[in-house]
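Below is query-v2.txt, holding compact mmCIF, C-alpha atoms.
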# COMPACT_ATOMS: atom_id res chain seq x y z
CA MET A 1 12.63 -16.07 -13.36
CA LYS A 2 13.30 -15.00 -9.78
CA THR A 3 10.66 -15.89 -7.21
CA LEU A 4 9.72 -14.28 -3.91
CA THR A 5 9.35 -16.60 -0.92
CA ILE A 6 7.57 -15.39 2.23
CA GLY A 7 7.41 -18.23 4.74
CA ASN A 8 5.71 -21.11 2.95
CA LEU A 9 4.28 -18.81 0.28
CA LYS A 10 6.02 -18.56 -3.07
CA ALA A 11 5.21 -15.87 -5.61
CA HIS A 12 6.41 -16.87 -9.07
CA ILE A 13 7.39 -13.28 -9.80
CA PRO A 14 8.80 -10.96 -7.10
CA ILE A 15 6.14 -8.30 -7.55
CA ILE A 16 3.65 -7.15 -4.94
CA GLN A 17 0.78 -4.88 -5.95
CA GLY A 18 0.52 -2.09 -3.39
CA GLY A 19 -2.64 -1.67 -1.34
CA MET A 20 -4.42 1.51 -2.47
CA GLY A 21 -7.50 2.95 -0.83
CA VAL A 22 -10.20 4.02 -0.93
CA GLY A 23 -11.46 1.33 -3.31
CA ILE A 24 -8.58 1.47 -5.79
CA SER A 25 -7.20 -1.99 -5.05
CA LEU A 26 -9.96 -4.44 -4.23
CA SER A 27 -10.59 -8.04 -5.30
CA GLY A 28 -10.57 -7.18 -9.02
CA LEU A 29 -7.01 -5.87 -9.16
CA ALA A 30 -5.65 -8.14 -6.41
CA SER A 31 -6.91 -11.32 -8.04
CA ALA A 32 -5.58 -10.29 -11.47
CA VAL A 33 -2.07 -9.74 -10.07
CA ALA A 34 -2.22 -12.98 -8.09
CA ASN A 35 -3.23 -14.91 -11.20
CA GLU A 36 -0.11 -13.63 -12.97
CA GLY A 37 2.13 -15.01 -10.22
CA GLY A 38 2.55 -11.85 -8.16
CA ILE A 39 1.00 -10.94 -4.81
CA GLY A 40 -2.32 -9.11 -5.00
CA VAL A 41 -3.33 -6.82 -2.16
CA ILE A 42 -6.76 -5.60 -1.06
CA SER A 43 -6.84 -2.24 0.72
CA SER A 44 -9.00 -2.32 3.85
CA ALA A 45 -9.25 1.49 4.00
CA GLY A 46 -12.77 2.83 3.51
CA LEU A 47 -14.52 -0.50 3.02
CA GLY A 48 -17.26 0.69 5.35
CA LEU A 49 -18.16 3.35 2.77
CA LEU A 50 -18.05 0.95 -0.16
CA TYR A 51 -20.23 -1.57 1.66
CA ASN A 52 -22.59 0.78 3.49
CA LYS A 53 -25.57 -1.12 2.09
CA LEU A 54 -24.61 -4.09 4.25
CA SER A 55 -24.68 -1.99 7.42
CA SER A 56 -25.21 1.65 8.34
CA ASN A 57 -22.51 1.21 10.98
CA PHE A 58 -19.15 2.09 9.39
CA ALA A 59 -17.12 -0.33 11.54
CA GLU A 60 -19.47 -3.25 10.92
CA ALA A 61 -19.71 -2.50 7.20
CA SER A 62 -15.90 -2.46 7.03
CA ILE A 63 -15.70 -5.96 8.50
CA LEU A 64 -18.41 -7.31 6.19
CA GLY A 65 -16.79 -5.58 3.23
CA LEU A 66 -13.39 -7.14 3.86
CA ILE A 67 -14.95 -10.59 4.19
CA GLU A 68 -16.76 -10.04 0.90
CA GLU A 69 -13.67 -8.78 -0.94
CA LEU A 70 -11.57 -11.72 0.24
CA LYS A 71 -14.27 -14.15 -0.90
CA LYS A 72 -14.44 -12.47 -4.31
CA ALA A 73 -10.66 -12.56 -4.68
CA ARG A 74 -10.51 -16.24 -3.73
CA ALA A 75 -13.20 -17.04 -6.29
CA LYS A 76 -11.21 -15.30 -9.04
CA ALA A 77 -7.63 -16.21 -8.13
CA LYS A 78 -5.50 -19.19 -7.19
CA GLY A 79 -2.49 -17.13 -6.15
CA ILE A 80 -1.43 -15.12 -3.10
CA ILE A 81 -3.85 -12.52 -1.73
CA GLY A 82 -2.86 -10.03 0.95
CA VAL A 83 -4.62 -7.25 2.85
CA ASN A 84 -3.22 -3.80 3.61
CA VAL A 85 -4.20 -2.50 7.04
CA MET A 86 -2.98 0.92 8.19
CA VAL A 87 -1.97 1.27 11.83
CA ALA A 88 -3.44 4.76 11.81
CA MET A 89 -6.97 3.48 11.18
CA THR A 90 -9.31 3.43 14.17
CA ASN A 91 -10.60 0.03 13.05
CA PHE A 92 -7.08 -1.41 12.73
CA ALA A 93 -7.84 -4.25 15.17
CA ASP A 94 -11.11 -5.15 13.43
CA MET A 95 -9.46 -5.33 10.03
CA VAL A 96 -6.49 -7.38 11.29
CA LYS A 97 -8.73 -9.84 13.16
CA THR A 98 -10.98 -10.22 10.11
CA ALA A 99 -8.07 -10.75 7.71
CA ILE A 100 -6.61 -13.43 9.99
CA ALA A 101 -9.96 -15.14 10.56
CA GLU A 102 -10.63 -15.21 6.82
CA LYS A 103 -7.14 -16.61 6.26
CA ALA A 104 -5.74 -13.85 4.11
CA ASP A 105 -2.28 -14.96 3.03
CA ILE A 106 -0.50 -11.82 4.22
CA ILE A 107 -1.18 -8.64 6.18
CA PHE A 108 0.85 -5.62 5.09
CA SER A 109 0.78 -2.90 7.73
CA GLY A 110 2.23 0.61 7.77
CA ALA A 111 1.20 4.24 8.42
CA GLY A 112 2.59 3.77 11.91
CA LEU A 113 4.52 0.99 13.62
CA PRO A 114 2.42 -2.22 13.97
CA LEU A 115 4.00 -3.10 17.30
CA ASN A 116 1.18 -5.36 18.49
CA LEU A 117 0.42 -7.10 15.18
CA PRO A 118 1.54 -10.64 16.19
CA GLY A 119 -0.74 -10.42 19.24
CA PHE A 120 -3.75 -10.98 16.97
CA LEU A 121 -2.54 -14.36 15.69
CA GLN A 122 -4.25 -17.52 16.93
CA LYS A 123 -2.71 -20.98 17.28
CA ASP A 124 -4.12 -22.08 13.93
CA SER A 125 -3.42 -18.81 12.07
CA THR A 126 -1.70 -19.06 8.70
CA THR A 127 -1.54 -15.34 7.82
CA LYS A 128 1.96 -13.91 7.33
CA LEU A 129 2.79 -10.53 8.86
CA VAL A 130 4.71 -7.89 6.89
CA PRO A 131 5.34 -4.43 8.35
CA ILE A 132 5.91 -1.42 6.10
CA VAL A 133 8.72 0.86 7.29
CA SER A 134 10.69 3.87 6.08
CA SER A 135 13.92 3.38 8.03
CA ALA A 136 16.29 0.78 9.48
CA ARG A 137 15.54 2.17 12.93
CA ALA A 138 11.84 1.40 12.51
CA ILE A 139 12.40 -2.24 11.58
CA LYS A 140 14.80 -2.69 14.49
CA ILE A 141 12.17 -1.37 16.90
CA ILE A 142 9.55 -3.70 15.41
CA CYS A 143 11.78 -6.79 15.45
CA ASP A 144 12.93 -6.16 19.02
CA LYS A 145 9.36 -5.64 20.20
CA TRP A 146 7.93 -8.64 18.35
CA MET A 147 10.67 -10.96 19.62
CA SER A 148 10.52 -9.82 23.25
CA GLN A 149 6.75 -9.85 23.51
CA TYR A 150 5.59 -12.46 20.99
CA ASN A 151 8.70 -14.50 20.07
CA TYR A 152 7.91 -13.65 16.45
CA LEU A 153 9.81 -11.99 13.62
CA PRO A 154 8.32 -10.38 10.49
CA ASP A 155 7.80 -12.81 7.64
CA ALA A 156 9.02 -10.07 5.28
CA VAL A 157 9.55 -6.31 5.36
CA VAL A 158 8.46 -3.61 2.92
CA VAL A 159 10.70 -0.54 2.95
CA GLU A 160 8.95 2.43 1.34
CA GLY A 161 10.84 5.45 0.08
CA PRO A 162 9.65 9.07 -0.17
CA LYS A 163 8.64 8.84 -3.86
CA ALA A 164 5.61 6.76 -2.91
CA GLY A 165 2.04 7.89 -3.37
CA GLY A 166 -0.42 8.55 -0.58
CA HIS A 167 0.71 9.19 2.96
CA LEU A 168 4.46 9.29 3.45
CA GLY A 169 6.44 8.21 6.51
CA PHE A 170 8.76 11.18 6.21
CA LYS A 171 8.88 14.80 7.28
CA GLU A 172 8.35 17.29 4.47
CA ASN A 173 12.01 18.35 4.43
CA GLN A 174 13.11 14.71 4.10
CA ILE A 175 11.07 13.96 0.98
CA THR A 176 13.59 15.56 -1.39
CA ASP A 177 16.67 14.84 0.76
CA LYS A 178 18.86 12.23 -0.98
CA ASN A 179 19.86 10.85 2.43
CA PHE A 180 16.30 9.57 2.80
CA SER A 181 15.92 8.24 -0.75
CA LEU A 182 14.94 4.61 -1.28
CA GLU A 183 18.39 3.96 -2.74
CA GLU A 184 19.88 5.06 0.60
CA ILE A 185 17.47 3.49 3.08
CA LEU A 186 17.00 0.13 1.31
CA PRO A 187 20.57 -1.16 1.93
CA GLN A 188 20.32 0.07 5.53
CA VAL A 189 17.15 -1.93 6.09
CA VAL A 190 18.62 -4.98 4.33
CA TYR A 191 21.62 -4.85 6.68
CA GLU A 192 19.52 -4.40 9.82
CA VAL A 193 17.28 -7.29 8.82
CA SER A 194 20.30 -9.49 8.10
CA LEU A 195 21.34 -9.18 11.76
CA PHE A 196 18.02 -10.63 12.90
CA GLU A 197 18.15 -13.30 10.19
CA ALA A 198 21.55 -14.47 11.42
CA LYS A 199 20.66 -14.30 15.11
CA TYR A 200 17.36 -16.19 14.84
CA ASN A 201 18.01 -18.28 11.71
CA LYS A 202 14.98 -16.98 9.82
CA LYS A 203 14.83 -15.69 6.27
CA ILE A 204 13.18 -12.25 6.08
CA PRO A 205 12.92 -10.93 2.53
CA VAL A 206 13.07 -7.16 2.10
CA ILE A 207 10.72 -5.65 -0.48
CA ALA A 208 11.46 -2.23 -1.99
CA ALA A 209 8.61 0.23 -2.57
CA GLY A 210 7.98 3.86 -3.41
CA GLY A 211 8.35 5.27 -6.90
CA ILE A 212 9.15 1.95 -8.60
CA TYR A 213 7.58 2.03 -12.04
CA THR A 214 9.72 0.21 -14.64
CA GLY A 215 11.59 -3.04 -15.05
CA GLU A 216 14.78 -1.01 -14.85
CA ASP A 217 13.66 0.25 -11.43
CA ILE A 218 13.11 -3.35 -10.34
CA TYR A 219 16.59 -4.29 -11.52
CA ARG A 220 18.17 -1.43 -9.52
CA MET A 221 16.33 -2.41 -6.35
CA MET A 222 17.39 -6.05 -6.70
CA GLN A 223 20.99 -4.91 -7.12
CA LEU A 224 20.68 -3.03 -3.83
CA GLY A 225 19.58 -6.16 -1.98
CA ALA A 226 15.80 -6.29 -2.36
CA SER A 227 14.18 -9.70 -2.73
CA GLY A 228 11.13 -8.19 -4.39
CA VAL A 229 9.35 -4.94 -5.16
CA GLN A 230 5.98 -3.36 -4.49
CA LEU A 231 4.25 -1.23 -7.13
CA GLY A 232 1.00 0.67 -6.86
CA THR A 233 0.83 3.41 -9.46
CA ARG A 234 1.74 1.16 -12.40
CA PHE A 235 -1.36 -0.97 -11.65
CA VAL A 236 -3.82 1.93 -11.46
CA THR A 237 -3.99 2.26 -15.24
CA THR A 238 -5.01 -1.35 -15.80
CA ASP A 239 -8.33 -2.75 -16.96
CA GLU A 240 -8.72 -4.70 -13.73
CA CYS A 241 -8.05 -1.81 -11.33
CA ASP A 242 -11.17 -1.32 -9.22
CA ALA A 243 -11.24 2.47 -9.58
CA SER A 244 -13.57 4.31 -11.97
CA ASP A 245 -12.47 5.15 -15.50
CA ALA A 246 -12.45 8.82 -14.48
CA PHE A 247 -9.92 8.03 -11.74
CA LYS A 248 -7.67 6.30 -14.24
CA GLU A 249 -8.04 9.25 -16.61
CA GLN A 250 -6.55 11.50 -13.91
CA TYR A 251 -3.34 9.48 -14.21
CA LEU A 252 -3.36 9.46 -18.00
CA ASN A 253 -3.89 13.22 -18.16
CA ALA A 254 -1.41 14.13 -15.41
CA LYS A 255 1.78 16.00 -16.24
CA GLU A 256 4.89 15.89 -14.09
CA GLY A 257 4.11 19.30 -12.60
CA ASP A 258 0.61 18.22 -11.56
CA ILE A 259 1.90 15.82 -8.89
CA GLU A 260 2.43 17.59 -5.60
CA ILE A 261 2.98 17.15 -1.90
CA ILE A 262 -0.10 17.98 0.15
CA ARG A 263 -0.80 18.27 3.85
CA SER A 264 -3.26 15.57 4.81
CA PRO A 265 -5.81 15.97 7.62
CA VAL A 266 -4.23 12.94 9.32
CA GLY A 267 -1.09 14.92 10.12
CA MET A 268 1.22 13.42 7.49
CA PRO A 269 2.47 14.74 4.17
CA GLY A 270 1.04 12.97 1.12
CA ARG A 271 1.60 12.89 -2.63
CA ALA A 272 -1.35 13.43 -4.94
CA ILE A 273 -2.38 14.66 -8.37
CA GLY A 274 -3.45 18.30 -8.18
CA SER A 275 -7.17 18.94 -8.57
CA HIS A 276 -9.81 21.63 -8.21
CA PHE A 277 -10.56 20.23 -4.77
CA ILE A 278 -6.94 20.56 -3.60
CA GLN A 279 -6.88 24.16 -4.84
CA GLN A 280 -10.00 24.94 -2.83
CA VAL A 281 -8.37 23.44 0.27
CA LYS A 282 -5.33 25.69 -0.24
CA GLU A 283 -7.63 28.70 -0.48
CA GLY A 284 -9.36 27.73 2.75
CA ILE A 285 -12.73 27.13 1.11
CA LYS A 286 -13.19 23.55 2.31
CA GLN A 287 -14.20 22.92 5.91
CA PRO A 288 -15.99 19.82 7.23
CA LYS A 289 -19.05 20.30 9.43
CA SER A 290 -18.78 16.95 11.17
CA CYS A 291 -16.81 13.71 11.29
CA PRO A 292 -19.04 10.91 9.98
CA PHE A 293 -16.53 8.06 10.36
CA HIS A 294 -13.66 8.90 12.72
CA CYS A 295 -11.60 6.59 10.50
CA ILE A 296 -8.08 7.84 11.32
CA LYS A 297 -6.76 8.10 14.87
CA THR A 298 -4.80 11.29 14.26
CA CYS A 299 -7.53 13.20 12.41
CA ASP A 300 -8.93 16.14 14.40
CA ILE A 301 -12.20 17.42 12.93
CA THR A 302 -11.73 20.83 14.58
CA LYS A 303 -8.51 21.36 12.59
CA SER A 304 -9.12 19.30 9.44
CA PRO A 305 -9.87 21.20 6.23
CA TYR A 306 -11.82 18.23 4.87
CA CYS A 307 -12.76 14.59 5.49
CA ILE A 308 -10.06 12.52 3.85
CA MET A 309 -12.24 9.41 3.67
CA LEU A 310 -14.93 11.23 1.69
CA ALA A 311 -12.33 12.95 -0.50
CA LEU A 312 -10.75 9.63 -1.49
CA PHE A 313 -14.15 7.98 -1.91
CA ASN A 314 -15.27 10.78 -4.22
CA ALA A 315 -12.08 10.37 -6.26
CA PHE A 316 -12.66 6.60 -6.47
CA LYS A 317 -16.03 7.37 -8.07
CA GLY A 318 -14.51 10.01 -10.37
CA ASN A 319 -15.77 13.12 -8.57
CA PHE A 320 -12.71 15.38 -8.51
CA ASN A 321 -14.60 18.50 -7.54
CA ASN A 322 -14.84 16.92 -4.12
CA GLY A 323 -11.81 14.67 -4.03
CA TYR A 324 -8.32 13.88 -5.31
CA ALA A 325 -6.17 10.94 -6.37
CA PHE A 326 -3.13 9.86 -4.42
CA ALA A 327 -0.26 8.95 -6.76
CA ARG A 328 3.44 8.14 -6.85
CA SER A 329 5.95 10.71 -8.10
CA ASN A 330 6.06 9.10 -11.56
CA ALA A 331 2.31 8.69 -12.16
CA TYR A 332 2.60 11.09 -15.10
CA LYS A 333 4.40 8.36 -17.06
CA ALA A 334 1.14 6.47 -17.61
CA ASN A 335 -0.12 6.90 -21.17
CA LYS A 336 -2.65 4.11 -21.72
CA ILE A 337 -4.81 1.57 -19.96
CA MET A 338 -3.85 -2.06 -20.44
CA SER A 339 -4.41 -5.42 -18.79
CA VAL A 340 -2.56 -6.54 -15.67
CA LYS A 341 -1.15 -9.41 -17.74
CA LYS A 342 0.36 -7.00 -20.30
CA THR A 343 1.60 -4.67 -17.55
CA ILE A 344 3.48 -7.46 -15.78
CA SER A 345 4.76 -8.83 -19.10
CA ASP A 346 6.18 -5.40 -19.96
CA LEU A 347 7.80 -5.10 -16.53
CA MET A 348 9.44 -8.49 -16.87
CA LYS A 349 10.67 -7.67 -20.37
CA GLU A 350 12.16 -4.34 -19.20
CA TRP A 351 13.83 -6.06 -16.26
CA LYS A 352 15.31 -8.87 -18.38
CA GLU A 353 16.66 -6.38 -20.92
CA LYS A 354 18.44 -4.49 -18.14
CA GLU A 355 19.87 -7.70 -16.66
CA PHE A 356 21.07 -8.86 -20.08
CA PHE A 357 22.92 -5.65 -20.81

Before anything else, please render the file you have as structure tokens.
Amino acid sequence: MKTLTIGNLKAHIPIIQGGMGVGISLSGLASAVANEGGIGVISSAGLGLLYNKLSSNFAEASILGLIEELKKARAKAKGIIGVNVMVAMTNFADMVKTAIAEKADIIFSGAGLPLNLPGFLQKDSTTKLVPIVSSARAIKIICDKWMSQYNYLPDAVVVEGPKAGGHLGFKENQITDKNFSLEEILPQVVYEVSLFEAKYNKKIPVIAAGGIYTGEDIYRMMQLGASGVQLGTRFVTTDECDASDAFKEQYLNAKEGDIEIIRSPVGMPGRAIGSHFIQQVKEGIKQPKSCPFHCIKTCDITKSPYCIMLALFNAFKGNFNNGYAFARSNAYKANKIMSVKKTISDLMKEWKEKEFF
């Protein structure tokens, strides 16, 4: 079985569970994946809402919530636990500092270029830093910046293609352009990273993400140079996923035509499962009266058709009249809920069958 090595961390299977907010991937899902030998990831997005009983202050509740989720994950799992922190979040610094202080194994950071991420490390820090990019140009910018300012290179890189769920690092016209497909950009990122590996004598594994759903997909990505893969959607329909049963049902009931590209209030295109709420947004019915959280730097309440934090929180609870579920392009393939153990076992079986033939 191939392993995935990130610094001194070794995952027994080269699978990372993607960080999904709000509340979709918390300690329950992350610990289950870690216990199977993969890398489990807690999403830091929206923790202030989930833990509002600990503090009425969103920023403070977010910090306390992340501490609590990491403690829960550590109590349940012996494996590798990471935290996903989006650059676009206004509490980016708080979440990064907290993850490092609590000794999360890895920070995965995208939705913008995490150019100052190494600046949060302390002398005794053990947390590995993994940026999420959508182009070779982006990783070159990050590596150049990190080396010149911090004498630090990424411990790994996630390259995410346009078939991913949630917010996408592409313009709308690039999403269906084959020149921007994961199959095209992955080898470009692998090559760019190899230049830094050779120059500074450091191994930097490249992890493929975005639309990966089957063992055959994993095989293809490995053939293109990936050292591992990141999957989100496949883990939503698991027993251990932290979302409500109603959220999981949205995936099980979705048809291929239900998954669409939407315009998010944060100024980026996103991929989601169509819902009554999304239809109301299209018709101009939804309009927020105030911004209760100011959670995303690029969100302008005067132009936003809705509060994305509340929409995702409502979906997490199963309220699709006032929310929607982000999903990868192939979410419609889900047909039943099973354990994380069975999900990973099936993935490994599919992968081995492809390698054998």

Would you mind listing what lies within 7 Å of segment 341-350 of chain A as a list in words, with all atoms listed in the file counted and same-chain residues fewer than 2 positions away left out? Glu36, Thr214, Gly215, Glu216, Met338, Ser339, Lys352, Glu353 and Lys354 of chain A

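The shortest atom-to-atom distance to Ile39 of chain A, with all atoms listed in the file taken into account, belongs to A:Leu4 out of A:Cys143, A:Leu113, A:Val85, A:Leu4.
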
Please list as a PyMOL selection string every residue within 10 Å of Leu153 of chain A, counting all atoms listed in the file and excluding residues in the same chain fewer than 4 positions away. chain A and resi 118+129-130+142-148+196-197+200+202-204

Counting all atoms listed in the file, the residue among A:Gln279, A:Ser25, A:Ser329, A:Asn173 that lies closest to Asn84 of chain A is A:Ser25

Just the number, please: distance in Å from atom CA of Val96 of chain A to atom CA of Gly161 of chain A, one decimal. 24.3 Å

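Pairwise distance (atom CA of Glu102 of chain A, atom CA of Arg234 of chain A) equals 28.1 Å.
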
One decimal, in Å: what's the spacing between atom CA of Glu183 of chain A and atom CA of Arg220 of chain A? 8.7 Å

Counting all atoms listed in the file, what is within 9 Å of Arg137 of chain A, bar same-chain residues fewer than 4 positions away, as a short mmCIF file (atom, residue, chain, number, x, y, z; two decimals) with C-alpha atoms, in the coordinates of the input?
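Dumped everything to around20.cif:
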data_model
loop_
_atom_site.label_atom_id
_atom_site.label_comp_id
_atom_site.auth_asym_id
_atom_site.auth_seq_id
_atom_site.Cartn_x
_atom_site.Cartn_y
_atom_site.Cartn_z
CA VAL A 133 8.72 0.86 7.29
CA ILE A 141 12.17 -1.37 16.90
CA ILE A 142 9.55 -3.70 15.41
CA VAL A 189 17.15 -1.93 6.09
CA GLU A 192 19.52 -4.40 9.82
#

I'd like a table as a tab-separated table: residues in segment 56-168 of chain A with an atom no more than 12 Å from segment 6-20 of chain A, each row giving the shortest atom pair and its distance in Å to one decimal, all atoms listed in the file counted, sorted by chain and rising residue number.
residue	atom	partner	partner_atom	distance
A:Lys78	CA	A:Ala11	CA	11.3
A:Gly79	CA	A:Ala11	CA	7.8
A:Ile80	CA	A:Ala11	CA	7.1
A:Ile81	CA	A:Ile16	CA	9.8
A:Gly82	CA	A:Gly19	CA	8.7
A:Val83	CA	A:Gly19	CA	7.3
A:Asn84	CA	A:Gly19	CA	5.4
A:Val85	CA	A:Gly19	CA	8.6
A:Met86	CA	A:Gly19	CA	9.9
A:Ala104	CA	A:Leu9	CA	11.8
A:Asp105	CA	A:Leu9	CA	8.1
A:Ile106	CA	A:Ile6	CA	9.0
A:Ile107	CA	A:Gly19	CA	10.4
A:Phe108	CA	A:Gly19	CA	8.3
A:Ser109	CA	A:Gly19	CA	9.8
A:Gly110	CA	A:Gly19	CA	10.6
A:Thr126	CA	A:Asn8	CA	9.6
A:Thr127	CA	A:Gly7	CA	9.9
A:Lys128	CA	A:Gly7	CA	7.4
A:Leu129	CA	A:Ile6	CA	9.5
A:Val130	CA	A:Ile6	CA	9.3
A:Ile132	CA	A:Gly18	CA	10.9
A:Leu153	CA	A:Gly7	CA	11.1
A:Pro154	CA	A:Ile6	CA	9.7
A:Asp155	CA	A:Ile6	CA	6.0
A:Ala156	CA	A:Ile6	CA	6.3
A:Val157	CA	A:Ile6	CA	9.8
A:Val158	CA	A:Ile16	CA	9.9
A:Glu160	CA	A:Gly18	CA	10.7
A:Ala164	CA	A:Gly18	CA	10.2
A:Gly165	CA	A:Met20	CA	9.1
A:Gly166	CA	A:Met20	CA	8.3
A:His167	CA	A:Met20	CA	10.7

What lies within 8 Å of Asn335 of chain A using only C-alpha atoms, ignoring chain neighbours under 2 positions off, as JSON, numbers by chain? {"A": [252, 253, 332, 333, 337]}

Given 5 Å of margin on each side, can you work out the centre and size in Å (one decimal) of an axis-aligned box holding every listed atom of segment 12-30 of chain A, as lines of an AutoDock Vina configuration file?
center_x = -1.3
center_y = -6.4
center_z = -5.3
size_x = 30.3
size_y = 30.9
size_z = 19.0

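Comparing A:Met222, A:Ile100, A:Ala30, A:Ile308 by their smallest distance to Ser264 of chain A, the closest is A:Ile308 (using all atoms listed in the file).
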
Between A:Glu68, A:Lys317, A:Asp245, A:Gly323, which is the closest to Gly274 of chain A once you count all atoms listed in the file?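 Nearest candidate to Gly274 of chain A out of A:Glu68, A:Lys317, A:Asp245, A:Gly323: A:Gly323.
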
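Nearest residue to Asn151 of chain A, choosing from A:Asn52, A:Asn116, A:Asn322, A:Ser134 and counting all atoms listed in the file: A:Asn116.
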